[in-house]
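Have a look at structure.cif below; it lists mmCIF, C-alpha atoms.
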data_run
#
loop_
_atom_site.label_atom_id
_atom_site.label_comp_id
_atom_site.auth_asym_id
_atom_site.auth_seq_id
_atom_site.Cartn_x
_atom_site.Cartn_y
_atom_site.Cartn_z
CA MET A 1 60.12 -29.42 14.32
CA TYR A 2 60.23 -26.65 16.98
CA THR A 3 63.05 -26.40 19.49
CA LEU A 4 62.58 -25.35 23.11
CA LYS A 5 63.87 -21.89 22.17
CA HIS A 6 61.22 -21.55 19.43
CA LEU A 7 58.44 -22.66 21.79
CA LYS A 8 59.46 -20.04 24.36
CA LYS A 9 59.28 -17.31 21.69
CA ILE A 10 55.82 -18.49 20.55
CA THR A 11 54.56 -18.66 24.14
CA THR A 12 55.82 -15.14 24.87
CA ALA A 13 54.22 -13.71 21.71
CA THR A 14 50.93 -15.42 22.49
CA CYS A 15 50.88 -13.98 26.00
CA ILE A 16 51.48 -10.48 24.68
CA VAL A 17 48.56 -10.80 22.21
CA LEU A 18 46.27 -12.14 24.92
CA LEU A 19 47.26 -9.30 27.26
CA ILE A 20 46.47 -6.69 24.60
CA CYS A 21 43.06 -8.30 23.96
CA VAL A 22 42.24 -8.32 27.69
CA LEU A 23 43.22 -4.65 28.07
CA PHE A 24 41.23 -3.71 24.94
CA TYR A 25 38.00 -5.37 26.03
CA ALA A 26 38.44 -4.28 29.65
CA CYS A 27 38.47 -0.64 28.51
CA LYS A 28 35.54 -1.06 26.11
CA GLU A 29 32.38 0.65 27.30
CA LYS A 30 28.91 0.50 25.87
CA TYR A 31 28.02 3.66 23.96
CA LEU A 32 24.47 4.85 24.31
CA PRO A 33 23.84 7.86 22.06
CA VAL A 34 21.55 10.59 23.32
CA VAL A 35 18.35 10.64 21.27
CA LYS A 36 16.39 13.86 21.30
CA ASP A 37 12.77 13.33 22.28
CA ILE A 38 11.16 15.45 19.62
CA ASN A 39 7.92 15.22 17.70
CA PRO A 40 8.22 17.42 14.58
CA ASN A 41 4.48 17.15 13.80
CA TYR A 42 5.05 18.13 10.16
CA LEU A 43 2.08 18.67 7.88
CA VAL A 44 1.92 16.11 5.04
CA VAL A 45 -0.03 17.09 1.91
CA ASP A 46 -0.83 14.27 -0.48
CA GLY A 47 -2.95 14.86 -3.57
CA PHE A 48 -3.28 16.22 -7.09
CA ILE A 49 -5.28 19.08 -8.60
CA ASN A 50 -7.25 17.29 -11.29
CA THR A 51 -8.15 19.84 -13.92
CA GLY A 52 -9.95 17.26 -16.06
CA ALA A 53 -12.99 15.00 -15.73
CA ASP A 54 -12.09 13.27 -12.46
CA SER A 55 -12.29 14.12 -8.77
CA THR A 56 -9.66 16.15 -6.95
CA ILE A 57 -8.67 14.53 -3.65
CA PHE A 58 -6.19 15.70 -1.02
CA LYS A 59 -5.22 13.90 2.18
CA LEU A 60 -3.79 15.98 5.01
CA SER A 61 -2.00 14.34 7.90
CA ARG A 62 0.72 14.88 10.49
CA THR A 63 3.97 13.04 11.06
CA PHE A 64 4.33 11.17 14.34
CA LYS A 65 7.02 9.29 16.25
CA LEU A 66 8.01 5.84 15.04
CA GLU A 67 7.39 4.41 18.50
CA SER A 68 3.90 5.86 18.55
CA LYS A 69 1.01 3.40 18.40
CA ALA A 70 -0.82 5.65 15.95
CA VAL A 71 -1.54 4.28 12.49
CA THR A 72 -2.41 7.65 10.94
CA SER A 73 -2.69 11.20 12.20
CA PRO A 74 -5.22 12.97 9.93
CA GLU A 75 -5.41 16.76 9.88
CA LYS A 76 -9.09 17.43 10.56
CA ALA A 77 -11.33 20.46 10.13
CA ALA A 78 -9.05 22.36 7.74
CA ILE A 79 -10.27 24.75 5.04
CA VAL A 80 -8.84 23.65 1.70
CA THR A 81 -9.22 25.65 -1.51
CA ILE A 82 -7.91 25.49 -5.07
CA GLU A 83 -7.14 28.89 -6.60
CA SER A 84 -6.46 29.80 -10.23
CA ASP A 85 -4.20 32.59 -11.46
CA ALA A 86 -7.40 34.13 -12.87
CA GLY A 87 -8.71 34.66 -9.33
CA LEU A 88 -11.24 31.81 -9.26
CA LYS A 89 -11.62 29.63 -6.14
CA TYR A 90 -12.81 26.04 -5.72
CA PRO A 91 -13.42 24.69 -2.18
CA LEU A 92 -12.55 21.11 -1.19
CA PRO A 93 -14.79 20.08 1.74
CA GLU A 94 -13.69 17.38 4.17
CA LEU A 95 -15.38 14.03 3.61
CA ALA A 96 -17.71 13.09 6.46
CA LEU A 97 -16.56 9.47 6.66
CA LYS A 98 -12.85 10.06 5.95
CA ALA A 99 -11.16 12.37 8.43
CA GLY A 100 -8.38 14.41 6.87
CA THR A 101 -9.56 13.76 3.29
CA TYR A 102 -10.74 16.75 1.26
CA ALA A 103 -12.35 16.29 -2.15
CA THR A 104 -14.52 17.72 -4.87
CA PRO A 105 -16.08 16.15 -8.00
CA ALA A 106 -14.69 16.81 -11.49
CA LEU A 107 -13.87 20.51 -11.97
CA ASN A 108 -13.08 20.51 -15.73
CA LEU A 109 -10.83 23.53 -15.34
CA ASP A 110 -9.20 25.68 -18.01
CA GLN A 111 -6.01 23.85 -19.02
CA THR A 112 -4.29 27.10 -20.00
CA LYS A 113 -4.41 28.51 -16.46
CA LYS A 114 -2.19 27.87 -13.47
CA TYR A 115 -3.43 26.62 -10.09
CA ARG A 116 -2.36 26.45 -6.46
CA LEU A 117 -3.57 25.02 -3.15
CA ARG A 118 -4.41 27.02 -0.04
CA ILE A 119 -4.87 25.35 3.37
CA ARG A 120 -5.98 26.90 6.64
CA THR A 121 -5.72 24.51 9.58
CA LYS A 122 -7.92 24.63 12.66
CA ASP A 123 -5.05 26.11 14.69
CA GLY A 124 -5.06 29.18 12.40
CA LYS A 125 -1.99 28.41 10.33
CA GLU A 126 -2.13 29.06 6.60
CA TYR A 127 -0.27 27.11 3.92
CA LEU A 128 0.05 28.06 0.27
CA SER A 129 1.60 26.33 -2.73
CA GLU A 130 3.20 27.93 -5.76
CA PHE A 131 1.11 28.29 -8.90
CA VAL A 132 1.70 25.27 -11.15
CA GLU A 133 0.84 24.75 -14.79
CA SER A 134 -1.75 22.18 -15.78
CA LYS A 135 -0.15 19.21 -17.53
CA VAL A 136 -2.25 17.10 -19.91
CA SER A 137 -1.56 13.37 -19.65
CA PRO A 138 -1.27 11.51 -22.98
CA GLN A 139 -2.79 8.11 -23.67
CA LEU A 140 -1.64 5.17 -21.56
CA GLU A 141 -1.13 1.52 -22.43
CA ILE A 142 -0.32 -1.40 -20.13
CA SER A 143 1.68 -4.45 -21.14
CA TYR A 144 2.95 -7.50 -19.28
CA ASP A 145 5.24 -10.49 -19.67
CA PHE A 146 6.68 -13.36 -17.60
CA ARG A 147 10.40 -12.71 -17.89
CA HIS A 148 12.57 -13.99 -15.03
CA GLY A 149 9.69 -16.19 -13.89
CA ASN A 150 7.56 -13.31 -12.57
CA LEU A 151 4.47 -11.48 -13.76
CA ASN A 152 5.85 -8.08 -14.85
CA ILE A 153 3.61 -5.05 -15.46
CA TYR A 154 4.78 -2.17 -17.69
CA THR A 155 3.53 1.28 -18.68
CA ASN A 156 3.80 2.64 -22.21
CA THR A 157 2.99 6.12 -23.45
CA GLN A 158 3.97 8.71 -26.05
CA ASP A 159 3.43 12.46 -26.38
CA PRO A 160 3.92 13.60 -30.00
CA THR A 161 4.03 17.24 -28.85
CA GLY A 162 6.99 16.54 -26.56
CA ASN A 163 5.41 18.59 -23.77
CA SER A 164 5.20 15.85 -21.12
CA ARG A 165 8.67 14.37 -20.48
CA TYR A 166 8.13 13.65 -16.76
CA TYR A 167 5.64 11.00 -15.66
CA ASN A 168 4.28 9.72 -12.38
CA TYR A 169 2.49 6.38 -11.97
CA ALA A 170 0.24 5.10 -9.20
CA TYR A 171 -1.81 1.93 -9.23
CA VAL A 172 -4.37 -0.13 -7.35
CA GLU A 173 -4.06 -3.92 -7.35
CA THR A 174 -6.96 -6.33 -6.86
CA TRP A 175 -6.66 -10.06 -6.49
CA GLN A 176 -8.94 -12.88 -5.52
CA TYR A 177 -8.10 -15.29 -2.72
CA GLN A 178 -9.95 -18.02 -0.89
CA SER A 179 -10.29 -19.25 2.64
CA LYS A 180 -8.80 -22.68 3.29
CA GLN A 181 -12.20 -24.12 4.21
CA THR A 182 -15.64 -23.53 2.71
CA SER A 183 -18.62 -22.62 4.86
CA LEU A 184 -21.96 -23.62 3.32
CA PHE A 185 -24.01 -22.67 6.39
CA LYS A 186 -24.42 -19.59 8.55
CA ILE A 187 -25.91 -18.64 11.91
CA GLU A 188 -28.88 -16.31 11.54
CA ASN A 189 -31.34 -15.43 14.31
CA HIS A 190 -29.81 -18.20 16.46
CA GLU A 191 -30.49 -20.80 13.76
CA VAL A 192 -28.27 -22.70 11.35
CA LYS A 193 -29.29 -21.82 7.80
CA PRO A 194 -27.82 -22.51 4.33
CA ARG A 195 -25.80 -19.63 2.92
CA LEU A 196 -27.23 -17.72 -0.02
CA PHE A 197 -24.64 -17.27 -2.74
CA PRO A 198 -23.02 -15.02 -3.80
CA GLN A 199 -24.05 -12.55 -1.07
CA ASP A 200 -23.21 -14.92 1.80
CA ASP A 201 -20.00 -16.24 0.25
CA ILE A 202 -17.11 -16.01 2.72
CA HIS A 203 -14.90 -18.44 0.81
CA ASN A 204 -14.00 -16.02 -2.01
CA CYS A 205 -12.61 -12.60 -1.17
CA TYR A 206 -10.80 -9.74 -2.88
CA HIS A 207 -7.86 -7.68 -1.70
CA ILE A 208 -7.86 -4.11 -3.07
CA VAL A 209 -4.50 -2.46 -2.31
CA PRO A 210 -3.01 0.86 -3.55
CA SER A 211 0.64 1.05 -4.55
CA ALA A 212 3.07 1.75 -1.73
CA THR A 213 6.06 2.79 -3.86
CA ILE A 214 6.92 5.82 -5.99
CA ASN A 215 7.24 5.20 -9.72
CA VAL A 216 8.40 8.02 -11.97
CA ALA A 217 9.81 8.01 -15.49
CA SER A 218 11.54 10.63 -17.61
CA THR A 219 12.09 10.98 -21.35
CA ALA A 220 14.10 14.21 -21.00
CA ALA A 221 17.25 12.50 -22.30
CA LEU A 222 15.46 10.96 -25.31
CA THR A 223 14.79 12.45 -28.73
CA GLN A 224 11.18 11.22 -28.53
CA ASP A 225 8.81 11.80 -25.64
CA LYS A 226 8.09 8.08 -25.39
CA VAL A 227 7.96 5.75 -22.38
CA ALA A 228 8.39 2.12 -23.38
CA ASP A 229 8.14 -0.89 -21.05
CA ASN A 230 8.52 1.05 -17.81
CA LEU A 231 8.35 -1.62 -15.10
CA ILE A 232 5.97 -0.64 -12.29
CA GLU A 233 5.25 -3.99 -10.61
CA GLU A 234 6.74 -7.48 -10.31
CA VAL A 235 4.64 -10.32 -8.92
CA ALA A 236 6.43 -13.52 -7.92
CA PRO A 237 4.78 -16.87 -8.72
CA THR A 238 4.70 -17.59 -4.97
CA SER A 239 2.49 -14.56 -4.36
CA GLU A 240 -1.18 -15.00 -3.49
CA LYS A 241 -1.89 -12.28 -6.08
CA VAL A 242 -1.50 -14.74 -8.95
CA GLY A 243 -3.49 -17.57 -7.37
CA ILE A 244 -6.85 -17.07 -9.12
CA GLU A 245 -7.33 -13.71 -10.80
CA TYR A 246 -5.34 -10.48 -10.78
CA SER A 247 -6.22 -6.93 -11.85
CA ILE A 248 -4.29 -3.67 -11.82
CA LEU A 249 -5.58 -0.14 -12.46
CA VAL A 250 -2.76 2.27 -13.37
CA THR A 251 -3.08 6.06 -13.21
CA GLN A 252 -0.67 8.27 -15.13
CA THR A 253 -0.02 11.95 -14.45
CA VAL A 254 2.50 14.34 -15.97
CA LEU A 255 4.88 16.27 -13.72
CA THR A 256 6.90 19.42 -14.08
CA ARG A 257 10.67 19.07 -13.83
CA ALA A 258 10.49 20.33 -10.23
CA GLY A 259 7.82 17.75 -9.40
CA PHE A 260 9.88 14.97 -10.95
CA ASP A 261 12.94 16.00 -8.91
CA PHE A 262 10.84 16.04 -5.73
CA TYR A 263 9.46 12.53 -6.21
CA THR A 264 12.84 11.17 -7.30
CA THR A 265 14.42 12.50 -4.10
CA LEU A 266 11.52 11.21 -2.02
CA LYS A 267 11.93 7.77 -3.58
CA LYS A 268 15.64 7.71 -2.73
CA ASN A 269 14.99 8.85 0.82
CA THR A 270 12.26 6.32 1.54
CA GLU A 271 13.05 3.28 -0.61
CA SER A 272 16.80 3.22 -1.29
CA VAL A 273 18.33 3.75 2.13
CA GLY A 274 19.66 0.73 3.99
CA SER A 275 23.41 0.51 3.56
CA ILE A 276 26.39 2.80 3.00
CA PHE A 277 26.23 1.93 -0.69
CA ASP A 278 22.67 3.22 -1.12
CA ALA A 279 21.82 6.80 -1.97
CA GLN A 280 22.03 8.85 1.21
CA PRO A 281 19.07 10.90 2.44
CA SER A 282 18.98 14.43 1.04
CA GLN A 283 17.04 17.61 1.73
CA LEU A 284 13.46 17.46 0.41
CA PHE A 285 12.09 20.70 -1.01
CA GLY A 286 8.42 20.87 -1.99
CA ASN A 287 6.48 23.76 -3.49
CA ILE A 288 4.17 24.47 -0.54
CA TYR A 289 5.09 26.65 2.44
CA CYS A 290 3.58 28.05 5.64
CA VAL A 291 2.51 31.68 5.22
CA THR A 292 2.08 32.33 8.96
CA ASN A 293 5.36 30.66 9.96
CA PRO A 294 7.86 30.31 7.07
CA THR A 295 10.17 28.07 9.16
CA ASP A 296 7.55 25.30 9.35
CA VAL A 297 8.36 22.17 7.33
CA ILE A 298 5.68 20.84 4.98
CA ILE A 299 6.03 17.53 3.17
CA GLY A 300 4.38 17.43 -0.24
CA PHE A 301 4.43 18.68 -3.81
CA ILE A 302 1.41 20.15 -5.56
CA SER A 303 0.87 19.28 -9.22
CA ALA A 304 -2.05 19.94 -11.55
CA GLY A 305 -3.37 18.43 -14.76
CA THR A 306 -5.37 15.58 -16.19
CA THR A 307 -4.95 11.86 -15.61
CA THR A 308 -5.20 8.83 -17.84
CA GLN A 309 -6.02 5.37 -16.54
CA LYS A 310 -5.79 1.83 -17.82
CA ARG A 311 -6.83 -1.48 -16.29
CA ILE A 312 -5.87 -5.03 -17.18
CA THR A 313 -7.37 -8.14 -15.59
CA LEU A 314 -5.63 -11.51 -15.90
CA LEU A 315 -6.64 -15.08 -15.10
CA ALA A 316 -4.11 -17.26 -13.29
CA LYS A 317 -5.04 -20.27 -15.43
CA ASN A 318 -3.36 -18.51 -18.37
CA PHE A 319 -0.06 -17.93 -16.54
CA PRO A 320 3.00 -20.08 -17.39
CA PHE A 321 3.42 -20.97 -13.70
CA PHE A 322 1.23 -22.52 -11.02
CA PHE A 323 0.52 -20.98 -7.64
CA SER A 324 0.88 -23.77 -5.08
CA GLY A 325 -1.10 -22.10 -2.31
CA ASN A 326 -0.44 -20.18 0.87
CA LEU A 327 1.76 -22.34 3.11
CA THR A 328 0.97 -20.14 6.10
CA ASP A 329 -2.57 -21.57 6.09
CA SER A 330 -1.37 -25.11 6.84
CA TYR A 331 -2.61 -24.80 10.42
CA CYS A 332 -6.14 -24.78 8.99
CA ASP A 333 -5.76 -28.53 8.33
CA ASN A 334 -5.66 -29.26 12.06
CA ALA A 335 -8.32 -31.94 12.55
CA ASN A 336 -8.42 -31.27 16.29
CA ASP A 337 -10.18 -27.97 15.60
CA THR A 338 -12.92 -29.59 13.47
CA LEU A 339 -16.02 -30.80 15.27
CA TYR A 340 -18.96 -33.02 14.31
CA ILE A 341 -21.99 -31.47 15.99
CA SER A 342 -25.16 -33.50 16.39
CA LYS A 343 -28.50 -31.72 16.13
CA GLY A 344 -28.85 -31.93 19.90
CA GLU A 345 -25.59 -30.03 20.40
CA VAL A 346 -26.30 -27.24 17.92
CA LYS A 347 -27.26 -24.69 20.55
CA ARG A 348 -24.19 -25.38 22.68
CA TYR A 349 -21.63 -25.13 19.90
CA LEU A 350 -23.21 -23.01 17.16
CA THR A 351 -26.19 -20.86 18.03
CA ASP A 352 -25.39 -19.77 21.59
CA PRO A 353 -24.40 -16.08 21.13
CA VAL A 354 -22.09 -16.17 24.17
CA LYS A 355 -20.45 -19.59 24.21
CA SER A 356 -20.32 -20.50 20.52
CA GLU A 357 -16.81 -20.57 19.02
CA TYR A 358 -17.44 -22.55 15.85
CA VAL A 359 -18.39 -21.78 12.25
CA PRO A 360 -20.57 -24.38 10.49
CA LEU A 361 -18.96 -25.71 7.32
CA ASP A 362 -21.16 -28.52 6.01
CA ALA A 363 -23.98 -30.86 6.98
CA ILE A 364 -24.29 -34.62 7.27
CA SER A 365 -27.63 -35.94 6.08
CA GLY A 366 -29.53 -39.08 7.01
CA PRO A 367 -32.80 -40.64 5.80
CA SER A 368 -34.83 -38.04 7.66
CA GLY A 369 -32.67 -35.00 6.85
CA ILE A 370 -29.68 -33.34 8.51
CA ILE A 371 -28.36 -35.30 11.46
CA ALA A 372 -25.17 -33.37 12.21
CA TYR A 373 -22.98 -30.43 11.17
CA ILE A 374 -19.26 -30.18 10.51
CA ALA A 375 -17.82 -27.02 12.09
CA THR A 376 -14.43 -25.42 12.68
CA LYS A 377 -13.05 -23.48 15.58
CA LEU A 378 -10.49 -21.78 13.33
CA ILE A 379 -12.80 -19.01 12.19
CA ASP A 380 -10.22 -17.25 10.01
CA CYS A 381 -9.77 -20.50 8.08
CA ALA A 382 -13.42 -20.34 7.02
CA ASP A 383 -14.04 -16.58 6.70
CA CYS A 384 -11.78 -14.92 4.14
CA ARG A 385 -12.94 -11.45 5.24
CA LEU A 386 -10.85 -11.80 8.41
CA LYS A 387 -7.69 -11.45 6.31
CA GLY A 388 -8.46 -7.89 5.31
CA GLY A 389 -10.40 -8.41 2.10
CA THR A 390 -14.00 -7.99 1.01
CA ASN A 391 -16.38 -10.66 -0.25
CA VAL A 392 -18.05 -8.23 -2.65
CA MET A 393 -16.94 -9.09 -6.17
CA PRO A 394 -15.63 -6.01 -8.07
CA SER A 395 -17.60 -4.94 -11.14
CA TYR A 396 -14.54 -5.41 -13.37
CA TRP A 397 -14.04 -9.07 -12.39
CA ILE A 398 -14.17 -11.54 -15.28
CA HIS A 399 -13.95 -14.93 -13.56
#

Go through the file and emit its structure as structure tokens.
Amino acid sequence: MYTLKHLKKITTATCIVLLICVLFYACKEKYLPVVKDINPNYLVVDGFINTGADSTIFKLSRTFKLESKAVTSPEKAAIVTIESDAGLKYPLPELALKAGTYATPALNLDQTKKYRLRIRTKDGKEYLSEFVESKVSPQLEISYDFRHGNLNIYTNTQDPTGNSRYYNYAYVETWQYQSKQTSLFKIENHEVKPRLFPQDDIHNCYHIVPSATINVASTAALTQDKVADNLIEEVAPTSEKVGIEYSILVTQTVLTRAGFDFYTTLKKNTESVGSIFDAQPSQLFGNIYCVTNPTDVIIGFISAGTTTQKRITLLAKNFPFFFSGNLTDSYCDNANDTLYISKGEVKRYLTDPVKSEYVPLDAISGPSGIIAYIATKLIDCADCRLKGGTNVMPSYWIH
């Protein structure tokens, strides 16, 4: 029980606390840091000098502001050349249909020589990399399991000579997906015609997506130059990737110690920064510099050597889990967007090139033939290509 004296003390203390809070918030001002409006426009060099039996491809681009609406900023009309320490030169012409991409077919170069990259941009600047040794990639194997409820993909390799030690992995994933609805008819020359399968199939599509993360491995601390069960990809059972069929093509290259350090730092800077407990961004030093202006910053590391590749293709029916479907497509079940079109209304709803908003799905037949069509206004629910894939089945598909 509190006495009147106690209550007065509590009331006084409370008033003091409230007064401090009022003074604190009254003096609080919004801090708006000054952000420098700069556009560094750094040159980004992405590629690999393939000294073996595969193409050499380099992509040149420029950095741009985050708030920019640009998707990419390719560096066009550059002169790109590979040079050997024996004085030989190999030009990389720009691809006509891919701005900023420079490539040449298999060079089959001398593995005992060193190589570098020279770039002259259209503004007259010249960039040159250090000479790098050619690293031969050993054989590659791919394994997988379903630990922790996911589909896990691993790389495995071994170099008996012990000359590799530092590895880099890139991959391309392919998976099949389907539109929510199936279209058995198409509009051709202002007429409704049956689709010819498989060329007209817009129900089955394939996403082909390159890896977006950096995956490096090192055996420098091991007695054997052996990479075992190096995890490169995890696919959750809720992912569309494991709905029907899934394939992954993995490419392995061998790095120098400097190359490994570069990609490790790049990985930390781009993938592991988000809180004070993550690795903090650090200075990124590549092996290519600007000859005409040494203070220019270039992002990239030039490596040379051979590659080894391995593909595995898996059927979802053999997985220990079941993909329940893409819940984001539930709007495709909206009956209000499905229309029954009589033959007399075909021109109005289907074949009119200006007013038509429907895709024919199926037909309703009577004694004398087709009497009506079933169509949908939700075009992306019937045409899987509208979700970024292709309806051309890859040559390596097994289903």

Give, as AutoDock Vina command-line options, the centre coordinates and the x, y and z edge lengths in Å to one decimal for an axis-aligned box around all listed atoms of stretch 81-89 of chain A, padded by 6 Å on each side.
--center_x -7.9 --center_y 30.1 --center_z -7.2 --size_x 19.4 --size_y 21.2 --size_z 23.4

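Shortest separation to A:Phe322 among A:Ile187, A:Gly243, A:Asp110, A:Ser356 occurs at residue A:Gly243, atoms counted being only C-alpha atoms.
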
Distance query stretch 137-147 of chain A at most 6 Å, only C-alpha atoms, self and fewer than 4 positions along chain excluded, as a PDB file with C-alpha atoms, in the frame of the given file:
ATOM      1  CA  LEU A 151       4.470 -11.480 -13.760  1.00  0.00           C
ATOM      2  CA  ASN A 152       5.850  -8.080 -14.850  1.00  0.00           C
ATOM      3  CA  ILE A 153       3.610  -5.050 -15.460  1.00  0.00           C
ATOM      4  CA  TYR A 154       4.780  -2.170 -17.690  1.00  0.00           C
ATOM      5  CA  THR A 155       3.530   1.280 -18.680  1.00  0.00           C
ATOM      6  CA  ASN A 156       3.800   2.640 -22.210  1.00  0.00           C
ATOM      7  CA  THR A 157       2.990   6.120 -23.450  1.00  0.00           C
ATOM      8  CA  ASP A 159       3.430  12.460 -26.380  1.00  0.00           C
ATOM      9  CA  THR A 253      -0.020  11.950 -14.450  1.00  0.00           C
ATOM     10  CA  VAL A 254       2.500  14.340 -15.970  1.00  0.00           C
ATOM     11  CA  THR A 306      -5.370  15.580 -16.190  1.00  0.00           C
ATOM     12  CA  THR A 307      -4.950  11.860 -15.610  1.00  0.00           C
TER      13      THR A 307
END

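For the pair atom CA of A:Asp383 and atom CA of A:Lys317, the separation is 24.2 Å.
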
(message) Counting only C-alpha atoms, which residue out of A:Leu60, A:Ile299, A:Val392, A:Ala103 sits closest to A:Phe285?
(response) A:Ile299

(request) Spell out the residues picked by the PyMOL selection byres ((chain A and resi 240) around 12) here, as a ChimeraX atom specification. (result) /A:174-179,205-207,235-239,241-246,316,322-329

(request) Select all residues near (15.0, 12.9, -7.1) (cut-off 12 Å, inclusive, file coordinates), counting only C-alpha atoms, and output them as a PyMOL selection string. (result) chain A and resi 166+214-218+257-272+279-286

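Atom CA of A:Tyr373 sits 10.6 Å away from atom CA of A:Gly344.
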
(message) as a ChimeraX atom specification, please: the residues near A:Lys98 (cut-off 10 Å, only C-alpha atoms, same-chain neighbours under 6 positions excluded).
(response) /A:59,74,76

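Take the candidates A:Arg311, A:His203, A:Lys377, A:Arg165 and check each one against A:Gly389 using only C-alpha atoms; the shortest distance goes to A:His203.
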
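What separates atom CA of A:Glu233 from atom CA of A:Gly52 is a distance of 26.7 Å.
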
(request) Determine the nearest neighbour of A:Tyr349 from the options A:Thr376, A:Thr182, A:Ser330, A:Ser129, counting all atoms listed in the file. (result) A:Thr376

(request) Have a look at A:Gly162, A:Lys135, A:Glu75, A:Asn108 and name the one nearest to A:Lys122; count all atoms listed in the file. (result) A:Glu75

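Closest to A:Glu188 among A:Thr256, A:Val359, A:Ala372, A:Gly388 is A:Val359, based on all atoms listed in the file.
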
Run the PyMOL selection byres ((chain A and resi 80-94) around 8) mentally over the shown coordinates, then write out the matched residues as a short mmCIF file (atom, residue, chain, number, x, y, z; two decimals) with C-alpha atoms, in the frame of the given file, using the chain letters and numbers from the document.
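Resulting contents of result-v1.cif:
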data_model
loop_
_atom_site.label_atom_id
_atom_site.label_comp_id
_atom_site.auth_asym_id
_atom_site.auth_seq_id
_atom_site.Cartn_x
_atom_site.Cartn_y
_atom_site.Cartn_z
CA ILE A 49 -5.28 19.08 -8.60
CA LYS A 76 -9.09 17.43 10.56
CA ALA A 77 -11.33 20.46 10.13
CA ALA A 78 -9.05 22.36 7.74
CA ILE A 79 -10.27 24.75 5.04
CA LEU A 95 -15.38 14.03 3.61
CA ALA A 96 -17.71 13.09 6.46
CA LYS A 98 -12.85 10.06 5.95
CA ALA A 99 -11.16 12.37 8.43
CA GLY A 100 -8.38 14.41 6.87
CA THR A 101 -9.56 13.76 3.29
CA TYR A 102 -10.74 16.75 1.26
CA ALA A 103 -12.35 16.29 -2.15
CA THR A 104 -14.52 17.72 -4.87
CA LYS A 113 -4.41 28.51 -16.46
CA LYS A 114 -2.19 27.87 -13.47
CA TYR A 115 -3.43 26.62 -10.09
CA ARG A 116 -2.36 26.45 -6.46
CA LEU A 117 -3.57 25.02 -3.15
CA ARG A 118 -4.41 27.02 -0.04
CA ILE A 119 -4.87 25.35 3.37
CA ARG A 120 -5.98 26.90 6.64
CA PHE A 131 1.11 28.29 -8.90
#

When the PyMOL selection byres ((chain A and resi 200) around 12) is applied to the file above, which residues end up in the set, as a PDB file with C-alpha atoms, keeping the file's coordinate frame?
ATOM      1  CA  THR A 182     -15.640 -23.530   2.710  1.00  0.00           C
ATOM      2  CA  SER A 183     -18.620 -22.620   4.860  1.00  0.00           C
ATOM      3  CA  LEU A 184     -21.960 -23.620   3.320  1.00  0.00           C
ATOM      4  CA  PHE A 185     -24.010 -22.670   6.390  1.00  0.00           C
ATOM      5  CA  LYS A 186     -24.420 -19.590   8.550  1.00  0.00           C
ATOM      6  CA  ILE A 187     -25.910 -18.640  11.910  1.00  0.00           C
ATOM      7  CA  GLU A 188     -28.880 -16.310  11.540  1.00  0.00           C
ATOM      8  CA  LYS A 193     -29.290 -21.820   7.800  1.00  0.00           C
ATOM      9  CA  PRO A 194     -27.820 -22.510   4.330  1.00  0.00           C
ATOM     10  CA  ARG A 195     -25.800 -19.630   2.920  1.00  0.00           C
ATOM     11  CA  LEU A 196     -27.230 -17.720  -0.020  1.00  0.00           C
ATOM     12  CA  PHE A 197     -24.640 -17.270  -2.740  1.00  0.00           C
ATOM     13  CA  PRO A 198     -23.020 -15.020  -3.800  1.00  0.00           C
ATOM     14  CA  GLN A 199     -24.050 -12.550  -1.070  1.00  0.00           C
ATOM     15  CA  ASP A 201     -20.000 -16.240   0.250  1.00  0.00           C
ATOM     16  CA  ILE A 202     -17.110 -16.010   2.720  1.00  0.00           C
ATOM     17  CA  HIS A 203     -14.900 -18.440   0.810  1.00  0.00           C
ATOM     18  CA  ASN A 204     -14.000 -16.020  -2.010  1.00  0.00           C
ATOM     19  CA  CYS A 205     -12.610 -12.600  -1.170  1.00  0.00           C
ATOM     20  CA  ASP A 383     -14.040 -16.580   6.700  1.00  0.00           C
ATOM     21  CA  CYS A 384     -11.780 -14.920   4.140  1.00  0.00           C
ATOM     22  CA  ARG A 385     -12.940 -11.450   5.240  1.00  0.00           C
ATOM     23  CA  THR A 390     -14.000  -7.990   1.010  1.00  0.00           C
ATOM     24  CA  ASN A 391     -16.380 -10.660  -0.250  1.00  0.00           C
ATOM     25  CA  VAL A 392     -18.050  -8.230  -2.650  1.00  0.00           C
ATOM     26  CA  MET A 393     -16.940  -9.090  -6.170  1.00  0.00           C
TER      27      MET A 393
END

Render stretch 331-344 of chain A from the structure in the preceding block as a file of C-alpha atoms, as a short mmCIF file (atom, residue, chain, number, x, y, z; two decimals), in the first residue's frame.
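out-v1.cif, written as the output of this step:
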data_model
loop_
_atom_site.label_atom_id
_atom_site.label_comp_id
_atom_site.auth_asym_id
_atom_site.auth_seq_id
_atom_site.Cartn_x
_atom_site.Cartn_y
_atom_site.Cartn_z
CA TYR A 331 -5.87 -16.06 -60.66
CA CYS A 332 -5.89 -18.15 -63.84
CA ASP A 333 -8.86 -20.09 -62.40
CA ASN A 334 -11.08 -17.01 -62.61
CA ALA A 335 -14.15 -18.21 -64.51
CA ASN A 336 -15.17 -14.62 -65.27
CA ASP A 337 -12.28 -14.38 -67.74
CA THR A 338 -13.31 -17.53 -69.65
CA LEU A 339 -15.73 -17.10 -72.53
CA TYR A 340 -17.83 -19.47 -74.62
CA ILE A 341 -17.74 -18.07 -78.15
CA SER A 342 -20.29 -19.22 -80.70
CA LYS A 343 -19.22 -19.53 -84.33
CA GLY A 344 -21.09 -16.32 -85.10
#
